[in-house]
Amino acid sequence: NEVDVHNTSSFDLDFVEVLLSELSGEYPYAVHGTKWLFCMPFYQHHTGNAILSRYPLEEAENIDLGEGNLFNGLWGSHTALAATIRHAGTRVTVVTTHLESANNPFRLFGGENTYRTRQSGRLLAWTQGRPHLILAGDFNSVLSRQRMASSHLATKYADDGTMILIEEDPRWVLPPLEANPLDPRHFTAKTHRPTRTIDFIIPDTTFQIMAYDVIDADASDHRPVVAQLQIRARPQ
């Protein structure tokens with residue numbers, strides 16, 4: 001998420017093409033969904049979500065999540081990007097998103113937790129009736145067990161229902177983090193001094209999580225998450 005395409009501040013590079021090139025064809029299929037786009041005489045800002053895949057993408061949809069701050073309303077909207085592949089005869093839909101940030105200079109009157117909760121609700125509404133789903137991205141919120149283990153996080157996310165909506169929805173398999181919710185090995189933000197876990201891969205219950213890990217790498221301002229998933233066998 002937050003993949004720039006010909007941003008002036010990113011040296012006018014198309015980072016989808018950069019990733020495709022740097023990965024040497026290992027993930028040859030890609031789709032980008034615009035989140036924000038505005039142009040001025042000497043400046044362009046174009047960013048959004050992207051999905052790269054080893055398998056052909058059969059279809060893709062940019063999902064408008066609506067709620068946001070003044071900046072979003074003028075120049076775009078928070079979105080999620082969904083793309084469908086076919087693997088071993090099964091259609092699998094991957095949805096990536098970056099929900100409202102708590103550190104947005106264009107937010108005039110606060111309320112990011114409320115915005116983010118409503119965005120999460122809209123995302124879950126879109127997933128209704130769609131099997132074999134994987135949610136992934138920066139949710140800008142923490143799981144309840146991590147919030148309850150830290151007075152700082154409890155205060156920061158006091159009115160935030162973003163992850164609670166997902167936790168209370170029986171369709172999803174939550175990440176298998178360690179028994180200690182404040183184990184720093186699972187923190188994703190920020191990269192150099194991580195204090196919390198806000199980036200997730202969350203499959204629905206048609207999948208089994210075989211492996212799940214947070215990588216200590218500095219390729220971005222957040223640490224990357226990797227998961228190995230297996231489609232559950234259908235009951236005979």
# chains A, B, ... in the order shown; residues from 1 in each chain; ligands from 1
>>> select_by_dssp(residues="stretch 28-201 of chain A", states="helix (DSSP H, G or I)", output="PyMOL selection string")
chain A and resi 70-75+112-127+144-148+151-156+162-167+184-186
>>> residues_around(residues="A:Glu26", least_positions_apart="2", cutoff="10 Å", atoms="only C-alpha atoms", output="JSON list (two decimals) with N, CA and C atoms, in the first residue's frame")
[["chain", "number", "residue", "atom", "x", "y", "z"],
["A", 20, "LEU", "N", 8.22, -4.71, -10.14],
["A", 20, "LEU", "CA", 8.21, -5.80, -11.11],
["A", 20, "LEU", "C", 9.63, -6.06, -11.63],
["A", 21, "SER", "N", 10.37, -5.00, -11.86],
["A", 21, "SER", "CA", 11.74, -5.14, -12.36],
["A", 21, "SER", "C", 12.66, -5.70, -11.30],
["A", 22, "GLU", "N", 12.57, -5.18, -10.07],
["A", 22, "GLU", "CA", 13.47, -5.61, -9.01],
["A", 22, "GLU", "C", 13.24, -7.06, -8.61],
["A", 23, "LEU", "N", 12.01, -7.55, -8.78],
["A", 23, "LEU", "CA", 11.70, -8.92, -8.41],
["A", 23, "LEU", "C", 12.00, -9.91, -9.54],
["A", 24, "SER", "N", 12.58, -9.40, -10.62],
["A", 24, "SER", "CA", 13.12, -10.24, -11.71],
["A", 24, "SER", "C", 12.11, -11.23, -12.26],
["A", 28, "PRO", "N", 5.14, -11.61, -11.89],
["A", 28, "PRO", "CA", 5.01, -10.89, -13.16],
["A", 28, "PRO", "C", 3.69, -10.17, -13.38],
["A", 29, "TYR", "N", 2.70, -10.40, -12.51],
["A", 29, "TYR", "CA", 1.37, -9.82, -12.70],
["A", 29, "TYR", "C", 1.12, -8.77, -11.63],
["A", 52, "LEU", "N", 0.93, -7.52, -6.38],
["A", 52, "LEU", "CA", 1.78, -8.27, -7.31],
["A", 52, "LEU", "C", 1.53, -9.75, -7.09],
["A", 53, "SER", "N", 1.55, -10.52, -8.17],
["A", 53, "SER", "CA", 1.15, -11.93, -8.07],
["A", 53, "SER", "C", 2.00, -12.81, -8.98],
["A", 54, "ARG", "N", 2.19, -14.04, -8.52],
["A", 54, "ARG", "CA", 2.82, -15.05, -9.37],
["A", 54, "ARG", "C", 1.84, -15.62, -10.38],
["A", 55, "TYR", "N", 0.55, -15.43, -10.11],
["A", 55, "TYR", "CA", -0.49, -16.03, -10.94],
["A", 55, "TYR", "C", -1.25, -14.93, -11.68]]
>>> select_by_dssp(residues="stretch 6-165 of chain A", states="strand (DSSP E or B)", output="ChimeraX atom specification")
/A:14,29-40,43-53,57-64,76,79-87,90-98,133-138
>>> residues_around(residues="stretch 7-9 of chain A", least_positions_apart="2", cutoff="10 Å", atoms="only C-alpha atoms", output="ChimeraX atom specification")
/A:3-5,11-15,37-39,42-47
>>> closest_residue(among="A:Asp213, A:Asp218, A:Leu182, A:Thr114", to="A:Ser151", atoms="only C-alpha atoms")
A:Leu182
>>> atom_distance(atom1="atom CA of A:Glu59", atom2="atom CA of A:Asp199")
24.7 Å
>>> closest_atom_pairs(of="stretch 4-87 of chain A", to="stretch 120-126 of chain A", cutoff="12 Å", atoms="only C-alpha atoms", output="JSON lines")
{"residue": "A:Glu61", "atom": "CA", "partner": "A:Trp126", "partner_atom": "CA", "distance": 11.0}
{"residue": "A:Asn62", "atom": "CA", "partner": "A:Trp126", "partner_atom": "CA", "distance": 11.2}
{"residue": "A:Ile63", "atom": "CA", "partner": "A:Leu123", "partner_atom": "CA", "distance": 8.0}
{"residue": "A:Asp64", "atom": "CA", "partner": "A:Arg122", "partner_atom": "CA", "distance": 8.6}
{"residue": "A:Leu65", "atom": "CA", "partner": "A:Arg122", "partner_atom": "CA", "distance": 5.9}
{"residue": "A:Gly66", "atom": "CA", "partner": "A:Arg122", "partner_atom": "CA", "distance": 8.1}
{"residue": "A:Glu67", "atom": "CA", "partner": "A:Arg122", "partner_atom": "CA", "distance": 9.2}
{"residue": "A:Gly68", "atom": "CA", "partner": "A:Ser120", "partner_atom": "CA", "distance": 11.9}
{"residue": "A:His78", "atom": "CA", "partner": "A:Leu123", "partner_atom": "CA", "distance": 10.7}
{"residue": "A:Thr79", "atom": "CA", "partner": "A:Leu123", "partner_atom": "CA", "distance": 8.9}
{"residue": "A:Ala80", "atom": "CA", "partner": "A:Leu123", "partner_atom": "CA", "distance": 7.5}
{"residue": "A:Leu81", "atom": "CA", "partner": "A:Leu123", "partner_atom": "CA", "distance": 10.2}
{"residue": "A:Ala82", "atom": "CA", "partner": "A:Trp126", "partner_atom": "CA", "distance": 10.2}
>>> write_last_selection(atoms="N, CA, C and O atoms", output="short mmCIF file (atom, residue, chain, number, x, y, z; two decimals), in the first residue's frame")
data_model
loop_
_atom_site.label_atom_id
_atom_site.label_comp_id
_atom_site.auth_asym_id
_atom_site.auth_seq_id
_atom_site.Cartn_x
_atom_site.Cartn_y
_atom_site.Cartn_z
N GLU A 61 -10.72 -4.81 -8.55
CA GLU A 61 -11.68 -3.76 -8.21
C GLU A 61 -11.09 -2.83 -7.17
O GLU A 61 -10.51 -3.28 -6.18
N ASN A 62 -11.21 -1.53 -7.40
CA ASN A 62 -10.79 -0.53 -6.43
C ASN A 62 -12.01 -0.17 -5.59
O ASN A 62 -13.01 0.34 -6.11
N ILE A 63 -11.96 -0.44 -4.29
CA ILE A 63 -13.11 -0.31 -3.40
C ILE A 63 -13.02 1.02 -2.66
O ILE A 63 -12.07 1.26 -1.91
N ASP A 64 -14.00 1.89 -2.85
CA ASP A 64 -14.03 3.18 -2.16
C ASP A 64 -14.53 2.97 -0.74
O ASP A 64 -15.66 2.54 -0.52
N LEU A 65 -13.68 3.30 0.24
CA LEU A 65 -14.06 3.13 1.63
C LEU A 65 -14.64 4.40 2.23
O LEU A 65 -14.96 4.45 3.43
N GLY A 66 -14.77 5.42 1.42
CA GLY A 66 -15.50 6.62 1.84
C GLY A 66 -14.80 7.44 2.88
O GLY A 66 -13.92 8.23 2.57
N GLU A 67 -15.18 7.26 4.13
CA GLU A 67 -14.80 8.14 5.23
C GLU A 67 -13.32 8.55 5.19
O GLU A 67 -12.45 7.76 4.89
N GLY A 68 -13.08 9.81 5.48
CA GLY A 68 -11.72 10.30 5.55
C GLY A 68 -11.70 11.74 5.97
O GLY A 68 -12.72 12.32 6.33
N HIS A 78 -9.85 7.06 0.83
CA HIS A 78 -9.24 5.80 1.25
C HIS A 78 -9.91 4.66 0.49
O HIS A 78 -11.14 4.64 0.33
N THR A 79 -9.10 3.74 0.03
CA THR A 79 -9.60 2.64 -0.79
C THR A 79 -9.00 1.31 -0.34
O THR A 79 -8.04 1.27 0.43
N ALA A 80 -9.57 0.25 -0.85
CA ALA A 80 -8.98 -1.07 -0.78
C ALA A 80 -8.92 -1.59 -2.20
O ALA A 80 -9.77 -1.26 -3.04
N LEU A 81 -7.92 -2.37 -2.50
CA LEU A 81 -7.78 -2.95 -3.84
C LEU A 81 -7.96 -4.45 -3.74
O LEU A 81 -7.27 -5.12 -2.96
N ALA A 82 -8.90 -4.98 -4.53
CA ALA A 82 -9.16 -6.42 -4.55
C ALA A 82 -8.76 -6.99 -5.90
O ALA A 82 -9.04 -6.39 -6.94
#
>>> closest_residue(among="A:Leu99, A:Ala88, A:Met163, A:Ala136", to="A:Ile51", atoms="only C-alpha atoms")
A:Ala136
>>> closest_residue(among="A:Arg86, A:Lys156, A:His98, A:Arg232", to="A:Pro203", atoms="only C-alpha atoms")
A:Arg232
>>> atom_distance(atom1="atom CA of A:Ile231", atom2="atom CA of A:Gln208")
6.3 Å
>>> atom_distance(atom1="atom CA of A:Ile202", atom2="atom CA of A:Ala83")
15.3 Å
>>> residues_around(residues="A:Tyr157", least_positions_apart="2", cutoff="8 Å", atoms="only C-alpha atoms", output="VMD selection string")
chain A and resid 113 141 to 142 147 153 to 155 159 to 160
>>> write_last_selection(atoms="N, CA, C and O atoms", output="JSON list (two decimals), in the first residue's frame")
[["chain", "number", "residue", "atom", "x", "y", "z"],
["A", 113, "ASN", "N", -9.78, 7.74, 14.58],
["A", 113, "ASN", "CA", -10.23, 6.42, 15.02],
["A", 113, "ASN", "C", -11.64, 6.12, 14.53],
["A", 113, "ASN", "O", -11.97, 5.01, 14.13],
["A", 141, "SER", "N", -4.29, 0.07, 13.27],
["A", 141, "SER", "CA", -4.94, -0.24, 14.55],
["A", 141, "SER", "C", -4.38, -1.55, 15.07],
["A", 141, "SER", "O", -3.76, -2.31, 14.31],
["A", 142, "VAL", "N", -4.59, -1.81, 16.35],
["A", 142, "VAL", "CA", -4.01, -2.99, 16.98],
["A", 142, "VAL", "C", -5.11, -3.97, 17.39],
["A", 142, "VAL", "O", -6.28, -3.58, 17.56],
["A", 147, "ARG", "N", -3.80, -4.11, 22.72],
["A", 147, "ARG", "CA", -4.27, -2.86, 23.32],
["A", 147, "ARG", "C", -4.48, -3.03, 24.83],
["A", 147, "ARG", "O", -4.12, -2.16, 25.62],
["A", 153, "LEU", "N", -1.29, 2.06, 24.54],
["A", 153, "LEU", "CA", -2.12, 1.68, 23.39],
["A", 153, "LEU", "C", -3.60, 1.72, 23.75],
["A", 153, "LEU", "O", -4.44, 2.06, 22.90],
["A", 154, "ALA", "N", -3.94, 1.40, 24.99],
["A", 154, "ALA", "CA", -5.34, 1.48, 25.42],
["A", 154, "ALA", "C", -5.86, 2.90, 25.31],
["A", 154, "ALA", "O", -7.02, 3.12, 24.93],
["A", 155, "THR", "N", -5.02, 3.86, 25.63],
["A", 155, "THR", "CA", -5.43, 5.27, 25.52],
["A", 155, "THR", "C", -5.48, 5.70, 24.06],
["A", 155, "THR", "O", -6.43, 6.35, 23.62],
["A", 159, "ASP", "N", -11.20, 4.68, 21.44],
["A", 159, "ASP", "CA", -12.48, 4.73, 20.73],
["A", 159, "ASP", "C", -12.39, 4.09, 19.36],
["A", 159, "ASP", "O", -13.17, 4.40, 18.46],
["A", 160, "ASP", "N", -11.43, 3.19, 19.18],
["A", 160, "ASP", "CA", -11.16, 2.60, 17.87],
["A", 160, "ASP", "C", -11.72, 1.18, 17.80],
["A", 160, "ASP", "O", -11.29, 0.30, 18.54]]
>>> closest_residue(among="A:Asp169, A:Glu100, A:Asp183, A:Asp138", to="A:Thr205", atoms="only C-alpha atoms")
A:Asp169
>>> decode(residues="stretch 27-41 of chain A", atoms="all heavy atoms", output="JSON list (two decimals), in the first residue's frame")
[["chain", "number", "residue", "atom", "x", "y", "z"],
["A", 27, "TYR", "N", 7.21, -12.20, -9.69],
["A", 27, "TYR", "CA", 5.81, -11.81, -9.55],
["A", 27, "TYR", "C", 5.44, -10.97, -10.78],
["A", 27, "TYR", "O", 5.41, -9.75, -10.71],
["A", 27, "TYR", "CB", 5.59, -11.02, -8.26],
["A", 27, "TYR", "CG", 5.87, -11.81, -7.01],
["A", 27, "TYR", "CD1", 7.17, -11.92, -6.51],
["A", 27, "TYR", "CD2", 4.85, -12.46, -6.32],
["A", 27, "TYR", "CE1", 7.43, -12.66, -5.36],
["A", 27, "TYR", "CE2", 5.09, -13.21, -5.18],
["A", 27, "TYR", "CZ", 6.40, -13.30, -4.71],
["A", 27, "TYR", "OH", 6.66, -14.04, -3.58],
["A", 28, "PRO", "N", 5.14, -11.61, -11.89],
["A", 28, "PRO", "CA", 5.01, -10.89, -13.16],
["A", 28, "PRO", "C", 3.69, -10.17, -13.38],
["A", 28, "PRO", "O", 3.55, -9.40, -14.33],
["A", 28, "PRO", "CB", 5.19, -11.99, -14.20],
["A", 28, "PRO", "CG", 4.68, -13.23, -13.52],
["A", 28, "PRO", "CD", 5.07, -13.07, -12.08],
["A", 29, "TYR", "N", 2.70, -10.40, -12.51],
["A", 29, "TYR", "CA", 1.37, -9.82, -12.70],
["A", 29, "TYR", "C", 1.12, -8.77, -11.63],
["A", 29, "TYR", "O", 1.43, -8.97, -10.46],
["A", 29, "TYR", "CB", 0.30, -10.90, -12.65],
["A", 29, "TYR", "CG", 0.54, -12.03, -13.62],
["A", 29, "TYR", "CD1", 1.13, -13.23, -13.19],
["A", 29, "TYR", "CD2", 0.24, -11.90, -14.97],
["A", 29, "TYR", "CE1", 1.38, -14.26, -14.07],
["A", 29, "TYR", "CE2", 0.49, -12.93, -15.87],
["A", 29, "TYR", "CZ", 1.06, -14.10, -15.42],
["A", 29, "TYR", "OH", 1.33, -15.12, -16.30],
["A", 30, "ALA", "N", 0.55, -7.64, -12.04],
["A", 30, "ALA", "CA", 0.37, -6.55, -11.08],
["A", 30, "ALA", "C", -0.85, -5.71, -11.44],
["A", 30, "ALA", "O", -1.27, -5.62, -12.59],
["A", 30, "ALA", "CB", 1.61, -5.66, -11.04],
["A", 31, "VAL", "N", -1.42, -5.10, -10.39],
["A", 31, "VAL", "CA", -2.53, -4.17, -10.58],
["A", 31, "VAL", "C", -2.38, -3.06, -9.54],
["A", 31, "VAL", "O", -1.90, -3.30, -8.43],
["A", 31, "VAL", "CB", -3.90, -4.88, -10.45],
["A", 31, "VAL", "CG1", -4.09, -5.47, -9.06],
["A", 31, "VAL", "CG2", -5.04, -3.93, -10.79],
["A", 32, "HIS", "N", -2.77, -1.85, -9.91],
["A", 32, "HIS", "CA", -2.67, -0.69, -9.02],
["A", 32, "HIS", "C", -4.04, -0.03, -8.94],
["A", 32, "HIS", "O", -4.74, 0.10, -9.95],
["A", 32, "HIS", "CB", -1.64, 0.31, -9.56],
["A", 32, "HIS", "CG", -1.44, 1.52, -8.68],
["A", 32, "HIS", "ND1", -2.21, 2.66, -8.82],
["A", 32, "HIS", "CD2", -0.57, 1.75, -7.66],
["A", 32, "HIS", "CE1", -1.81, 3.55, -7.92],
["A", 32, "HIS", "NE2", -0.82, 3.04, -7.21],
["A", 33, "GLY", "N", -4.43, 0.37, -7.74],
["A", 33, "GLY", "CA", -5.69, 1.09, -7.55],
["A", 33, "GLY", "C", -5.42, 2.45, -6.93],
["A", 33, "GLY", "O", -4.79, 2.55, -5.87],
["A", 34, "THR", "N", -5.90, 3.50, -7.57],
["A", 34, "THR", "CA", -5.62, 4.87, -7.12],
["A", 34, "THR", "C", -6.35, 5.18, -5.82],
["A", 34, "THR", "O", -7.52, 4.87, -5.64],
["A", 34, "THR", "CB", -6.02, 5.89, -8.19],
["A", 34, "THR", "OG1", -5.20, 5.68, -9.34],
["A", 34, "THR", "CG2", -5.84, 7.32, -7.69],
["A", 35, "LYS", "N", -5.62, 5.84, -4.93],
["A", 35, "LYS", "CA", -6.17, 6.32, -3.67],
["A", 35, "LYS", "C", -6.26, 7.84, -3.69],
["A", 35, "LYS", "O", -7.32, 8.42, -3.49],
["A", 35, "LYS", "CB", -5.28, 5.83, -2.53],
["A", 35, "LYS", "CG", -5.66, 6.31, -1.14],
["A", 35, "LYS", "CD", -4.71, 5.70, -0.11],
["A", 35, "LYS", "CE", -4.96, 6.22, 1.27],
["A", 35, "LYS", "NZ", -4.01, 5.65, 2.27],
["A", 36, "TRP", "N", -5.16, 8.49, -3.93],
["A", 36, "TRP", "CA", -5.13, 9.95, -4.03],
["A", 36, "TRP", "C", -4.48, 10.36, -5.33],
["A", 36, "TRP", "O", -3.48, 9.77, -5.75],
["A", 36, "TRP", "CB", -4.31, 10.58, -2.88],
["A", 36, "TRP", "CG", -4.88, 10.36, -1.52],
["A", 36, "TRP", "CD1", -6.20, 10.21, -1.18],
["A", 36, "TRP", "CD2", -4.16, 10.27, -0.30],
["A", 36, "TRP", "NE1", -6.33, 10.03, 0.17],
["A", 36, "TRP", "CE2", -5.10, 10.07, 0.74],
["A", 36, "TRP", "CE3", -2.81, 10.36, 0.03],
["A", 36, "TRP", "CZ2", -4.73, 9.95, 2.07],
["A", 36, "TRP", "CZ3", -2.44, 10.24, 1.36],
["A", 36, "TRP", "CH2", -3.39, 10.04, 2.36],
["A", 37, "LEU", "N", -5.03, 11.38, -5.97],
["A", 37, "LEU", "CA", -4.44, 11.91, -7.20],
["A", 37, "LEU", "C", -4.74, 13.40, -7.28],
["A", 37, "LEU", "O", -5.91, 13.80, -7.27],
["A", 37, "LEU", "CB", -5.02, 11.19, -8.43],
["A", 37, "LEU", "CG", -4.66, 11.78, -9.80],
["A", 37, "LEU", "CD1", -3.14, 11.71, -10.03],
["A", 37, "LEU", "CD2", -5.40, 11.05, -10.92],
["A", 38, "PHE", "N", -3.70, 14.20, -7.31],
["A", 38, "PHE", "CA", -3.89, 15.61, -7.60],
["A", 38, "PHE", "C", -2.67, 16.14, -8.32],
["A", 38, "PHE", "O", -1.55, 15.65, -8.15],
["A", 38, "PHE", "CB", -4.20, 16.44, -6.34],
["A", 38, "PHE", "CG", -3.07, 16.57, -5.36],
["A", 38, "PHE", "CD1", -2.17, 17.63, -5.43],
["A", 38, "PHE", "CD2", -2.92, 15.64, -4.34],
["A", 38, "PHE", "CE1", -1.15, 17.75, -4.51],
["A", 38, "PHE", "CE2", -1.90, 15.76, -3.43],
["A", 38, "PHE", "CZ", -1.00, 16.81, -3.51],
["A", 39, "CYS", "N", -2.91, 17.12, -9.19],
["A", 39, "CYS", "CA", -1.85, 17.67, -10.03],
["A", 39, "CYS", "C", -1.85, 19.19, -9.92],
["A", 39, "CYS", "O", -2.91, 19.83, -9.91],
["A", 39, "CYS", "CB", -2.06, 17.27, -11.48],
["A", 39, "CYS", "SG", -2.10, 15.49, -11.76],
["A", 40, "MET", "N", -0.65, 19.74, -9.85],
["A", 40, "MET", "CA", -0.44, 21.18, -9.91],
["A", 40, "MET", "C", 0.60, 21.45, -10.99],
["A", 40, "MET", "O", 1.20, 20.50, -11.52],
["A", 40, "MET", "CB", 0.01, 21.70, -8.55],
["A", 40, "MET", "CG", -1.06, 21.56, -7.46],
["A", 40, "MET", "SD", -0.58, 22.32, -5.88],
["A", 40, "MET", "CE", 0.71, 21.19, -5.36],
["A", 41, "PRO", "N", 0.82, 22.69, -11.36],
["A", 41, "PRO", "CA", 1.75, 22.96, -12.47],
["A", 41, "PRO", "C", 3.12, 22.30, -12.32],
["A", 41, "PRO", "O", 3.69, 21.83, -13.30],
["A", 41, "PRO", "CB", 1.85, 24.49, -12.45],
["A", 41, "PRO", "CG", 0.53, 24.94, -11.93],
["A", 41, "PRO", "CD", 0.15, 23.91, -10.90]]
